[in-house]
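Let me begin by presenting the structure, written as structure tokens, before commenting on it.
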Amino acid sequence: MSTHVRTRFAPSPTGYLHIGGARTALFNYLFTRKMGGTFVLRIEDTDQERHVEDAMKAIFTGMSWLGLDWDEGEGKGGDYAPYFQSQRKDVYDRYFQKLVEMGRVYECPAPNKRDKNGDEIPGTSEGTVWRFRFKREGVMTLHDMVCGDISVDYNNVDNTPDMVVKRTDGSYIFHLVNVVDDIEMKITHVIRGEDHIMNTFKHLQLFDAFGVEPPVYAHIPLIQNPDGSKMSKRDIGAQLGNYPEEGFLPDAVVNFIALLGWSPKSDDEVFTKEELINLFSLENVNRAAAKFDITKCKWMNQQHIMRLAPEKFVELVIPFCTKAGLVDTPQLREVLPSVQTKVQLLSETPAWVKWVQVLEYEEESMAKLQENAREMLDIFAEAAQGIAEWSGEAAFQIVKPLAKANGVKVGAMMFPLRMALTGCHAGPGIDVVMQALGRDEVLRRIAIFPC
RNA sequence: GUCCCCAUCGUCUAGGGGUUAGGACAUAUGAUUCUCAGUCAUAGAACCGCGGUUCGAAUCCGCGUGGGGAUGCCA
């Protein structure tokens with residue numbers, strides 16, 4: 001009987017929810033749901049100086065937006081509350097006391113402060129700190145589910161100096177609280193970024209000191225910029241908080257970042273969240289860092305948009321339209337489904353349908369009008385008045401014969417018509433346009449068209 | 001500096017001793033359509049380098065090189 005899987009995503013609220021953090025959360029989520037386990041959201045806010053209140057909200061809203069629901073933590077409660085490290089000092093005190101009793105920690109002068117480059121400034125030591133005494137028993141090996149076996153020599157003291165676990169002000173360092181919480185919250189699998197690999201050895205030492213079996217570890221590769229550099233706040237796509245307003249679908253983003261460093265080992269690429277849960281396994285996670293390609297992310301978004309039910313698409317896109325100054329009308333809603341396959345981002349939609357309410361002529365396209373444009377429009381207008389029962393389709397049907405009868409290509413009539421009715425060179429089918437506008441408006445727009 | 005990890009088309013990746021090295025994004029061309037998008041078809045595009053093991057290496061091993069990470073009273 002295997003034990004119940006318990007995982008956690010443990011971000012620190014120091015900025016915003018980063019795309020890399022989102023993927024760490026996602027891998028934890030997928031693995032946990034696949035295993036039927038429990039997913040804990042824990043906030044690592046031990047560093048009060050860097051603590052940012054808004055960042056906390058960004059984590060919750062970001063995860064909620066992605067649909068990564070957690071089972072314990074903020075808003076959910078749970079048997080191991082509180083889930084904020086800032087509220088768990090008594091727990092850490094208790095564990096620290098154990099270390100004192102075991103003689104595994106010792107008080108010593110605080111290290112020197114560091115400058116902006118990370119270099120030590122001599123003579124800036126203030127107060128004392130407590131360090132954890134590492135066991136020096138040679139090479140330690142970490143059995144990582146993604147990276148395989150990794151070894152570090154703990155006899156090399158220069159490379160593995162005893163770590164500070166308690167600050168001058170009495171607060172505790174990440175390593176201590178992280179391990180204590182993982183023990184207390186009975187975490188069985190730790191899935192986190194590769195930047196933690198070296199920390200894991202420190203954590204293993206702590207588990208050993210407390211006499212607790214450590215969790216299984218899986219370190220996932222980092223996400224880099226297209227040029228291979230580290231992704232930071234300003235880089236394109238870095239902040240998850242921007243995704244909703246840019247018109248990304250949560251499922252598309254989930255799908256895209258799941259494929260960054262993980263592969264289902266098949267040719268399929270577009271998946272729902274449920275499919276991802278089914279297919280996911282830590283064994284199929286890559287070991288190499290992946291570069292973030294916003295172009296493919298948009299393509300993925302388009303794929304998910306195209307798969308939306310038309311009513312759903314309309315519902316999602318209306319807010320973008322009203323934000324762009326359009327009015328939510330039945331006429332607008334009628335036209336929207338016709339552009340569903342045209343957009344990569346929901347935010348692009350208003351530009352495709354604004355002609356319903358706003359008529360603006362594209363300069364560049366106006367310049368491409370042929371000399372016979374006016375003539376073509378007049379011919380069409382006259383014929384349009386004779387249509388017994390108006391419909392977009394009926395009006396559309398007369399265009400081809402009309403063009404033929406006048407010895408011009410269909411396009412020679414379609415293009416001026418499109419420009420007169422929508423002001424744009426590209427858009428929904430002319431039949432859709434004429435259906436939405438109705439005969440009177442079609443004739444009016446032709447009449448006022450400046451050509 | 002020291003330690004750790006990584007390396008297949010421009011990008012995400014599949015493959016993992018014998019393959020025409022496969023797919024997707026992007027790019028180009030063609031078909032379809034009133035335009036755009038979509039769809040379909042086609043094309044170009046990769047095993048970092050050098051040694052070794054082997055009948056045979058992109059694949060295994062070693063060494064380089066390149067990239068990333070870690071070496072904090074950050075997490």
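Going through the structure tokens in order, the chains are called A, B, and so on, while each chain numbers its residues from 1 and the ligands are numbered from 1 in the order shown.
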
Please provide as a VMD selection string all residues within 9 Å of G68 (chain B), with the sequence filter that same-chain residues fewer than 3 positions apart are discarded (counting only C-alpha atoms (C1' of nucleotides)). (chain A and resid 222 224 228 to 230 288 to 289) or (chain B and resid 5 to 6)

Considering only C-alpha atoms (C1' of nucleotides), give me a table of residues in chain B that are at most 6 Å from chain A, with the closest atom pair and distance in Å for each, as a Markdown table.
```
| residue | atom | partner | partner_atom | distance |
| --- | --- | --- | --- | --- |
| B:C6 | C1' | A:Ala288 | CA | 5.2 |
| B:G23 | C1' | A:Asp267 | CA | 5.2 |
| B:C25 | C1' | A:Lys296 | CA | 5.1 |
| B:C34 | C1' | A:Met414 | CA | 5.2 |
| B:U35 | C1' | A:Ala426 | CA | 4.7 |
| B:C36 | C1' | A:Ala426 | CA | 4.5 |
| B:A37 | C1' | A:Lys342 | CA | 4.1 |
| B:G69 | C1' | A:Asp195 | CA | 5.3 |
| B:A70 | C1' | A:Met198 | CA | 5.9 |
| B:C73 | C1' | A:Arg167 | CA | 4.9 |
```

Write out as a ChimeraX atom specification all residues of region 214-399 of chain A that DSSP puts in strand (DSSP E) for this structure's backbone. /A:216-220,223-224,290-291

Contacts of Gly73 (chain A) at 7 Å or less, counting only C-alpha atoms (C1' of nucleotides), minus same-chain residues fewer than 6 places along, as a short mmCIF file (atom, residue, chain, number, x, y, z; two decimals) with C-alpha atoms, in the first residue's frame?
```cif
data_model
loop_
_atom_site.label_atom_id
_atom_site.label_comp_id
_atom_site.auth_asym_id
_atom_site.auth_seq_id
_atom_site.Cartn_x
_atom_site.Cartn_y
_atom_site.Cartn_z
CA VAL A 40 -0.74 22.20 -0.42
CA LEU A 41 -0.17 25.91 -1.04
CA ARG A 42 2.25 27.29 1.50
CA TYR A 83 0.12 27.80 5.94
#
```

Hey, what's within 12 Å of G49 (chain B) if we count only C-alpha atoms (C1' of nucleotides) and toss same-chain stuff fewer than 3 positions away? As a list of chain:residue names, please? B:A7, B:C63, B:G64, B:U65, B:G66

Restricting it to C-alpha atoms (C1' of nucleotides), dump the selection as a short mmCIF file (atom, residue, chain, number, x, y, z; two decimals), in the first residue's frame.
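In the end it all went to part-v1.cif:
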```
data_model
loop_
_atom_site.label_atom_id
_atom_site.label_comp_id
_atom_site.auth_asym_id
_atom_site.auth_seq_id
_atom_site.Cartn_x
_atom_site.Cartn_y
_atom_site.Cartn_z
"C1'" A B 7 23.84 19.99 -24.81
"C1'" C B 63 38.35 15.30 -22.42
"C1'" G B 64 37.34 20.06 -24.31
"C1'" U B 65 33.90 23.99 -25.47
"C1'" G B 66 29.40 26.42 -24.70
#
```

Point-to-point distance in Å for CA of Val212 (chain A) and CA of Lys135 (chain A):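 Rounded to one decimal, the two atoms are 15.4 Å apart.
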
DSSP helix (DSSP H, G or I) selection over region 113-341 of chain A, as a ChimeraX atom specification: /A:174-184,194-210,240-246,250-258,273-279,282-284,294-306,310-323,330-339

Given the choices B:U33, B:U11, B:G17, B:G38, which gets closest to C55 (chain B) if the distance is worked out from only C-alpha atoms (C1' of nucleotides)? B:G17
